[in-house]
>>> print(open('data.tsv').read())   # TSV, C-alpha atoms
chain	number	residue	atom	x	y	z
R	87	MET	CA	-59.35	113.61	104.18
R	88	SER	CA	-60.89	110.22	103.67
R	89	ALA	CA	-60.40	108.74	100.22
R	90	SER	CA	-63.44	106.46	100.59
R	91	ARG	CA	-65.84	109.32	101.20
R	92	PRO	CA	-68.19	109.53	98.20
R	93	LYS	CA	-67.91	112.67	96.15
R	94	PRO	CA	-71.02	114.81	95.74
R	95	LEU	CA	-72.75	114.07	92.47
R	96	SER	CA	-74.86	116.36	90.34
R	97	PRO	CA	-78.46	115.15	89.88
R	98	HIS	CA	-78.79	112.21	87.51
R	99	LEU	CA	-81.06	112.06	84.48
R	100	GLN	CA	-83.75	110.01	86.21
R	101	ILE	CA	-84.63	112.65	88.81
R	102	PHE	CA	-85.29	115.41	86.27
R	103	ARG	CA	-88.83	116.27	85.27
R	104	TRP	CA	-89.56	115.18	81.69
R	105	PRO	CA	-90.66	118.28	79.78
R	106	LEU	CA	-92.42	117.54	76.50
R	107	SER	CA	-89.60	119.07	74.41
R	108	MET	CA	-87.05	116.78	76.06
R	109	ALA	CA	-89.22	113.69	75.57
R	110	LEU	CA	-89.83	114.57	71.92
R	111	SER	CA	-86.15	115.23	71.29
R	112	ILE	CA	-85.19	111.83	72.70
R	113	GLY	CA	-88.17	110.24	70.95
R	114	HIS	CA	-87.12	111.77	67.63
R	115	ARG	CA	-83.72	110.10	67.85
R	116	ILE	CA	-85.07	106.74	69.04
R	117	THR	CA	-87.76	106.60	66.33
R	118	GLY	CA	-85.17	107.66	63.75
R	119	ALA	CA	-82.89	104.76	64.70
R	120	GLY	CA	-85.89	102.40	64.77
R	121	LEU	CA	-87.10	103.48	61.35
R	122	ALA	CA	-83.58	103.04	59.94
R	123	ALA	CA	-83.68	99.45	61.21
R	124	GLY	CA	-87.18	99.15	59.72
R	125	LEU	CA	-85.68	99.66	56.25
R	126	LEU	CA	-84.46	96.05	56.65
R	127	LEU	CA	-88.10	94.98	56.58
R	128	LEU	CA	-88.72	97.07	53.45
R	129	THR	CA	-85.74	95.42	51.72
R	130	TRP	CA	-86.92	91.96	52.78
R	131	TRP	CA	-90.44	92.67	51.44
R	132	LEU	CA	-89.19	94.00	48.07
R	133	VAL	CA	-86.57	91.27	47.54
R	134	ALA	CA	-89.18	88.61	48.39
R	135	LEU	CA	-91.54	90.21	45.87
R	136	ALA	CA	-88.81	90.02	43.22
R	137	THR	CA	-87.96	86.42	44.17
R	138	GLY	CA	-91.44	84.96	43.68
R	139	PRO	CA	-94.79	83.97	45.23
R	140	GLY	CA	-93.19	81.46	47.66
R	141	ALA	CA	-90.80	83.98	49.22
R	142	PHE	CA	-93.55	86.63	49.27
R	143	ALA	CA	-95.88	84.26	51.15
R	144	VAL	CA	-93.25	83.89	53.90
R	145	VAL	CA	-93.11	87.69	54.42
R	146	ASP	CA	-96.90	87.90	54.21
R	147	GLY	CA	-97.23	85.20	56.89
R	148	VAL	CA	-94.93	87.07	59.28
R	149	VAL	CA	-96.55	90.46	58.60
R	150	ASP	CA	-100.06	89.02	58.98
R	151	SER	CA	-99.33	87.49	62.41
R	152	TRP	CA	-100.34	89.42	65.52
R	153	LEU	CA	-96.69	90.04	66.39
R	154	GLY	CA	-96.00	91.28	62.85
R	155	GLY	CA	-99.03	93.54	63.08
R	156	LEU	CA	-97.78	94.91	66.40
R	157	VAL	CA	-94.39	95.68	64.83
R	158	LEU	CA	-96.06	97.40	61.87
R	159	PHE	CA	-98.22	99.41	64.31
R	160	GLY	CA	-95.02	100.45	66.10
R	161	PHE	CA	-93.45	101.54	62.81
R	162	THR	CA	-96.60	103.56	62.00
R	163	VAL	CA	-96.36	105.42	65.33
R	164	ALA	CA	-92.60	105.94	64.84
R	165	ALA	CA	-93.03	107.16	61.25
R	166	PHE	CA	-95.72	109.72	62.10
R	167	LEU	CA	-93.89	110.95	65.22
R	168	HIS	CA	-90.61	111.36	63.31
R	169	LEU	CA	-92.41	112.98	60.36
R	170	GLY	CA	-94.39	115.40	62.54
R	171	ASN	CA	-91.47	116.32	64.77
R	172	GLY	CA	-89.24	116.53	61.67
R	173	ILE	CA	-91.50	119.23	60.25
R	174	ARG	CA	-91.26	120.98	63.64
R	175	HIS	CA	-87.47	120.86	63.26
R	176	LEU	CA	-87.68	122.22	59.70
R	177	VAL	CA	-89.72	125.19	60.96
R	178	TRP	CA	-87.03	125.80	63.61
R	179	ASP	CA	-84.35	125.58	60.89
R	180	PHE	CA	-86.04	128.49	59.14
R	181	GLY	CA	-85.86	130.45	62.40
R	182	TYR	CA	-89.46	130.32	63.60
R	183	GLY	CA	-91.19	129.05	66.74
R	184	PHE	CA	-88.36	129.12	69.25
R	185	ASP	CA	-90.12	130.74	72.24
R	186	LEU	CA	-91.13	128.46	75.11
R	187	GLU	CA	-94.89	128.76	74.65
R	188	THR	CA	-94.68	127.98	70.91
R	189	THR	CA	-92.33	125.00	71.37
R	190	LYS	CA	-94.75	123.60	73.96
R	191	ARG	CA	-97.74	124.01	71.66
R	192	SER	CA	-95.92	122.67	68.58
R	193	GLY	CA	-94.85	119.67	70.66
R	194	GLN	CA	-98.47	119.03	71.65
R	195	ALA	CA	-99.45	119.36	67.98
R	196	VAL	CA	-96.88	116.68	67.07
R	197	ILE	CA	-98.37	114.30	69.67
R	198	ALA	CA	-101.92	115.02	68.45
R	199	PHE	CA	-100.89	114.50	64.80
R	200	THR	CA	-99.19	111.20	65.66
R	201	VAL	CA	-102.24	109.87	67.50
R	202	VAL	CA	-104.77	110.97	64.86
R	203	ALA	CA	-102.71	109.88	61.84
R	204	THR	CA	-101.93	106.47	63.40
R	205	ALA	CA	-105.58	105.94	64.35
R	206	LEU	CA	-106.84	106.90	60.87
R	207	THR	CA	-104.25	104.66	59.16
R	208	TRP	CA	-105.13	101.59	61.22
R	209	LEU	CA	-108.83	102.30	61.03
R	210	ALA	CA	-108.49	102.28	57.23
R	211	ILE	CA	-106.47	99.03	57.35
R	212	LEU	CA	-108.82	97.20	59.73
R	213	VAL	CA	-112.12	98.45	58.30
R	214	ALA	CA	-111.23	98.07	54.60
D	162	MET	CA	-50.81	123.55	44.91
D	163	SER	CA	-53.70	125.89	45.34
D	164	LEU	CA	-53.39	129.57	44.55
D	165	ALA	CA	-56.24	130.39	46.95
D	166	THR	CA	-55.33	132.36	50.04
D	167	PRO	CA	-55.45	130.45	53.36
D	168	ILE	CA	-58.61	132.32	54.42
D	169	ALA	CA	-60.34	131.43	51.12
D	170	ARG	CA	-59.50	127.76	51.61
D	171	VAL	CA	-61.14	127.48	55.02
D	172	ARG	CA	-64.00	130.00	54.76
D	173	GLY	CA	-67.38	128.37	55.37
D	174	LEU	CA	-65.92	124.92	55.98
D	175	GLY	CA	-65.72	124.80	59.78
D	176	SER	CA	-63.56	122.45	61.83
D	177	ALA	CA	-64.86	119.32	60.09
D	178	LYS	CA	-63.68	120.71	56.70
D	179	GLU	CA	-66.92	119.82	54.93
D	180	GLY	CA	-69.07	122.84	55.73
D	181	VAL	CA	-72.80	122.42	56.07
D	182	ALA	CA	-73.17	119.68	53.41
D	183	HIS	CA	-74.35	117.05	55.92
D	184	PHE	CA	-76.80	119.47	57.56
D	185	LYS	CA	-78.32	120.46	54.22
D	186	GLN	CA	-78.53	116.86	52.95
D	187	VAL	CA	-80.45	115.84	56.09
D	188	ARG	CA	-82.95	118.69	55.57
D	189	VAL	CA	-83.48	118.22	51.83
D	190	THR	CA	-83.90	114.43	52.13
D	191	SER	CA	-86.35	115.01	55.01
D	192	ILE	CA	-88.53	117.34	52.90
D	193	ALA	CA	-88.62	114.76	50.11
D	194	SER	CA	-89.32	112.00	52.62
D	195	VAL	CA	-92.41	113.78	53.99
D	196	PHE	CA	-94.19	113.49	50.63
D	197	LEU	CA	-92.82	110.03	49.77
D	198	THR	CA	-93.69	108.62	53.21
D	199	LEU	CA	-97.27	109.90	53.04
D	200	TRP	CA	-97.55	108.27	49.58
D	201	PHE	CA	-96.03	105.04	50.95
D	202	VAL	CA	-98.39	104.84	53.94
D	203	TRP	CA	-101.37	105.60	51.67
D	204	SER	CA	-100.25	102.83	49.28
D	205	ALA	CA	-99.57	100.34	52.08
D	206	VAL	CA	-103.08	100.88	53.44
D	207	GLY	CA	-104.49	100.18	49.97
D	208	LEU	CA	-102.32	97.06	49.64
D	209	SER	CA	-103.19	95.56	53.05
D	210	GLY	CA	-104.50	92.06	52.47
D	211	ALA	CA	-103.32	92.08	48.85
D	212	GLY	CA	-101.68	88.93	47.45
D	213	TYR	CA	-98.57	88.45	45.34
D	214	ALA	CA	-100.30	89.17	42.01
D	215	GLU	CA	-101.93	92.40	43.25
D	216	VAL	CA	-98.73	93.78	44.81
D	217	THR	CA	-96.71	92.89	41.69
D	218	ALA	CA	-99.25	94.63	39.46
D	219	TRP	CA	-99.20	97.68	41.75
D	220	LEU	CA	-95.40	97.93	41.55
D	221	GLY	CA	-95.58	97.33	37.80
D	222	SER	CA	-97.14	100.76	37.31
D	223	THR	CA	-94.52	103.26	36.13
D	224	LEU	CA	-95.63	105.89	38.64
D	225	ASN	CA	-95.52	103.51	41.62
D	226	ALA	CA	-92.13	102.07	40.57
D	227	THR	CA	-90.70	105.59	40.20
D	228	LEU	CA	-92.01	106.75	43.57
D	229	MET	CA	-90.81	103.53	45.23
D	230	LEU	CA	-87.29	104.03	43.84
D	231	LEU	CA	-87.29	107.61	45.14
D	232	PHE	CA	-88.68	106.41	48.50
D	233	ILE	CA	-85.80	103.91	48.75
D	234	GLY	CA	-83.07	106.36	47.69
D	235	VAL	CA	-84.24	109.24	49.88
D	236	ASN	CA	-84.87	107.16	53.00
D	237	PHE	CA	-81.69	105.05	52.87
D	238	TRP	CA	-79.70	108.26	52.37
D	239	HIS	CA	-81.55	110.04	55.21
D	240	ALA	CA	-81.09	106.96	57.44
D	241	GLN	CA	-77.35	106.88	56.75
D	242	LEU	CA	-77.01	110.60	57.59
D	243	GLY	CA	-79.10	110.22	60.76
D	244	VAL	CA	-77.41	107.11	62.13
D	245	GLN	CA	-74.04	108.71	61.28
D	246	THR	CA	-74.94	111.57	63.64
D	247	ILE	CA	-75.91	109.09	66.38
D	248	VAL	CA	-72.61	107.20	65.96
D	249	GLU	CA	-70.60	110.43	66.04
D	250	ASP	CA	-72.42	111.52	69.20
D	251	TYR	CA	-71.88	108.33	71.20
D	252	VAL	CA	-68.82	106.50	69.79
D	253	HIS	CA	-65.63	108.31	70.73
D	254	HIS	CA	-63.01	105.62	70.04
D	255	LYS	CA	-61.47	106.66	66.71
D	256	LEU	CA	-61.05	103.19	65.20
D	257	ILE	CA	-64.45	101.86	66.36
D	258	LYS	CA	-66.12	105.03	65.08
D	259	THR	CA	-64.46	104.79	61.66
D	260	VAL	CA	-65.29	101.08	61.32
D	261	SER	CA	-68.90	101.76	62.41
D	262	LEU	CA	-69.34	104.52	59.84
D	263	ILE	CA	-67.89	102.36	57.04
D	264	ALA	CA	-70.16	99.46	58.07
D	265	LEU	CA	-73.12	101.88	58.13
D	266	ALA	CA	-72.31	103.08	54.60
D	267	PHE	CA	-71.94	99.49	53.35
D	268	ALA	CA	-75.24	98.45	54.96
D	269	THR	CA	-77.30	101.41	53.73
D	270	TYR	CA	-75.87	101.44	50.18
D	271	GLY	CA	-76.02	97.62	49.96
D	272	LEU	CA	-79.59	97.28	51.21
D	273	GLY	CA	-80.64	100.31	49.17
D	274	ALA	CA	-79.16	98.77	46.01
D	275	ALA	CA	-80.84	95.41	46.71
D	276	SER	CA	-84.20	97.16	47.23
D	277	ALA	CA	-83.83	99.21	44.05
D	278	ILE	CA	-82.88	96.17	41.96
D	279	ALA	CA	-85.88	94.28	43.37
D	280	VAL	CA	-88.20	97.15	42.34
D	281	LEU	CA	-86.68	97.28	38.84
D	282	LYS	CA	-86.96	93.51	38.43
D	283	VAL	CA	-90.65	93.52	39.36
D	284	ALA	CA	-91.40	96.66	37.36
D	285	LEU	CA	-89.54	95.64	34.20
D	286	THR	CA	-90.18	91.90	34.07
D	287	GLY	CA	-93.59	91.74	35.77
>>> encode(input="data.tsv", output="structure tokens")
Amino acid sequence: MSASRPKPLSPHLQIFRWPLSMALSIGHRITGAGLAAGLLLLTWWLVALATGPGAFAVVDGVVDSWLGGLVLFGFTVAAFLHLGNGIRHLVWDFGYGFDLETTKRSGQAVIAFTVVATALTWLAILVA
Amino acid sequence: MSLATPIARVRGLGSAKEGVAHFKQVRVTSIASVFLTLWFVWSAVGLSGAGYAEVTAWLGSTLNATLMLLFIGVNFWHAQLGVQTIVEDYVHHKLIKTVSLIALAFATYGLGAASAIAVLKVALTG
């Protein structure tokens, strides 16, 4: 019996296949945490608006930069993914759509909704 | 001293002694947030490129100020409930968990209050 002999380990997370349901479940939690942090930006924007034109111009300058735009784009993706997958969860909460084929298709619908809604939103922002 | 029988005191409450209150609050705030978030994104698209005067006038409308207050209340509440679940899942040290949850409550209620006051100030004083 050698104490230094490594014990057998069960497979780690990184060797598993990533089914869509697993990716969406993890994505739901990550986007939820990200959106919670994004409320800081909302507070900053509103407080600056209440403070005056000078403070508002500072927020506007940050938001209008390419990095600010990238962050806002990220929040748009996160918001639509969390919203779409949240509705999927609400349907589950009412007891529907639990079989494998339906969860796969509803997951694909969430991805499609996120892509289309994000594209339409930013098309409207950039074209208008 | 309660006159309820022991079974009546615990029925429906589960091991956490608060029943399904948290679960239901997450769901109800999420339903409200679906509508408020779609309104917010729609409004933000309309306000892109708008200056201080335009945004102030937009928030000065009673409807927009009302929806913005609801947007703030619902989403800060939903965020607190959601992050609470994440903390409870990953933080197992009793003291660190308790301190984290208190800090989370302070942050969400504090930032939510600041946001709401800002909306009221703009809406009521122009």
>>> interface_residues(input="data.tsv", of="chain R", to="chain D", cutoff="6 Å", atoms="all atoms listed in the file", output="list of chain:residue names")
R:Ala122, R:Thr129, R:Leu132, R:Val133, R:Ala136, R:Pro139, R:Ile211
>>> residues_around(input="data.tsv", residues="Ile112 (chain R)", least_positions_apart="6", cutoff="12 Å", atoms="all atoms listed in the file", output="PyMOL selection string")
(chain R and resi 104-106+118-119+167-168+171) or (chain D and resi 247)
>>> atom_distance(input="data.tsv", atom1="CA of Leu206 (chain R)", atom2="CA of Phe159 (chain R)")
11.9 Å
>>> closest_residue(input="data.tsv", among="R:Leu212, R:Leu128, R:Ala203, R:Ile197", to="Ala109 (chain R)", atoms="all atoms listed in the file")
R:Ile197
>>> closest_residue(input="data.tsv", among="R:Ala205, R:Val145, R:Leu169, R:Val177", to="Thr117 (chain R)", atoms="all atoms listed in the file")
R:Leu169
>>> atom_distance(input="data.tsv", atom1="CA of Ser261 (chain D)", atom2="CA of Gly120 (chain R)")
17.2 Å
>>> closest_residue(input="data.tsv", among="D:Gln245, D:Thr190, D:Thr259, D:Ser176", to="Leu231 (chain D)", atoms="all atoms listed in the file")
D:Thr190
>>> atom_distance(input="data.tsv", atom1="CA of Leu156 (chain R)", atom2="CA of Trp200 (chain D)")
21.5 Å
>>> axis_aligned_box(input="data.tsv", around="region 160-177 of chain R", padding_each_side="6 Å", output="JSON")
{"center_x": -92.0, "center_y": 112.8, "center_z": 62.9, "size_x": 21.1, "size_y": 36.7, "size_z": 18.4}
>>> build_atoms(input="data.tsv", residues="region 257-280 of chain D", atoms="N, CA and C atoms", output="short mmCIF file (atom, residue, chain, number, x, y, z; two decimals), in the coordinates of the input")
data_model
loop_
_atom_site.label_atom_id
_atom_site.label_comp_id
_atom_site.auth_asym_id
_atom_site.auth_seq_id
_atom_site.Cartn_x
_atom_site.Cartn_y
_atom_site.Cartn_z
N ILE D 257 -63.09 102.44 66.33
CA ILE D 257 -64.45 101.86 66.36
C ILE D 257 -65.42 102.77 65.61
N LYS D 258 -65.23 104.09 65.77
CA LYS D 258 -66.12 105.03 65.08
C LYS D 258 -65.95 104.91 63.56
N THR D 259 -64.71 104.88 63.10
CA THR D 259 -64.46 104.79 61.66
C THR D 259 -65.03 103.50 61.09
N VAL D 260 -64.77 102.37 61.79
CA VAL D 260 -65.29 101.08 61.32
C VAL D 260 -66.81 101.09 61.30
N SER D 261 -67.43 101.69 62.35
CA SER D 261 -68.90 101.76 62.41
C SER D 261 -69.46 102.55 61.24
N LEU D 262 -68.82 103.67 60.92
CA LEU D 262 -69.34 104.52 59.84
C LEU D 262 -69.17 103.85 58.48
N ILE D 263 -68.07 103.09 58.30
CA ILE D 263 -67.89 102.36 57.04
C ILE D 263 -68.94 101.25 56.94
N ALA D 264 -69.15 100.52 58.06
CA ALA D 264 -70.16 99.46 58.07
C ALA D 264 -71.54 100.03 57.79
N LEU D 265 -71.83 101.21 58.35
CA LEU D 265 -73.12 101.88 58.13
C LEU D 265 -73.29 102.21 56.65
N ALA D 266 -72.24 102.74 56.03
CA ALA D 266 -72.31 103.08 54.60
C ALA D 266 -72.54 101.82 53.77
N PHE D 267 -71.79 100.75 54.08
CA PHE D 267 -71.94 99.49 53.35
C PHE D 267 -73.38 98.98 53.48
N ALA D 268 -73.91 99.00 54.71
CA ALA D 268 -75.24 98.45 54.96
C ALA D 268 -76.31 99.26 54.23
N THR D 269 -76.24 100.59 54.34
CA THR D 269 -77.30 101.41 53.73
C THR D 269 -77.21 101.36 52.21
N TYR D 270 -75.99 101.49 51.63
CA TYR D 270 -75.87 101.44 50.18
C TYR D 270 -76.20 100.04 49.66
N GLY D 271 -75.76 99.00 50.39
CA GLY D 271 -76.02 97.62 49.96
C GLY D 271 -77.50 97.28 49.98
N LEU D 272 -78.17 97.58 51.11
CA LEU D 272 -79.59 97.28 51.21
C LEU D 272 -80.40 98.17 50.26
N GLY D 273 -79.96 99.41 50.10
CA GLY D 273 -80.64 100.31 49.17
C GLY D 273 -80.54 99.79 47.73
N ALA D 274 -79.35 99.32 47.36
CA ALA D 274 -79.16 98.77 46.01
C ALA D 274 -80.02 97.53 45.81
N ALA D 275 -80.04 96.63 46.82
CA ALA D 275 -80.84 95.41 46.71
C ALA D 275 -82.32 95.76 46.56
N SER D 276 -82.80 96.74 47.32
CA SER D 276 -84.20 97.16 47.23
C SER D 276 -84.51 97.73 45.86
N ALA D 277 -83.61 98.57 45.35
CA ALA D 277 -83.83 99.21 44.05
C ALA D 277 -83.86 98.17 42.93
N ILE D 278 -82.92 97.22 42.98
CA ILE D 278 -82.88 96.17 41.96
C ILE D 278 -84.16 95.34 42.01
N ALA D 279 -84.64 95.06 43.22
CA ALA D 279 -85.88 94.28 43.37
C ALA D 279 -87.05 95.02 42.72
N VAL D 280 -87.12 96.34 42.94
CA VAL D 280 -88.20 97.15 42.34
C VAL D 280 -88.10 97.09 40.82
#
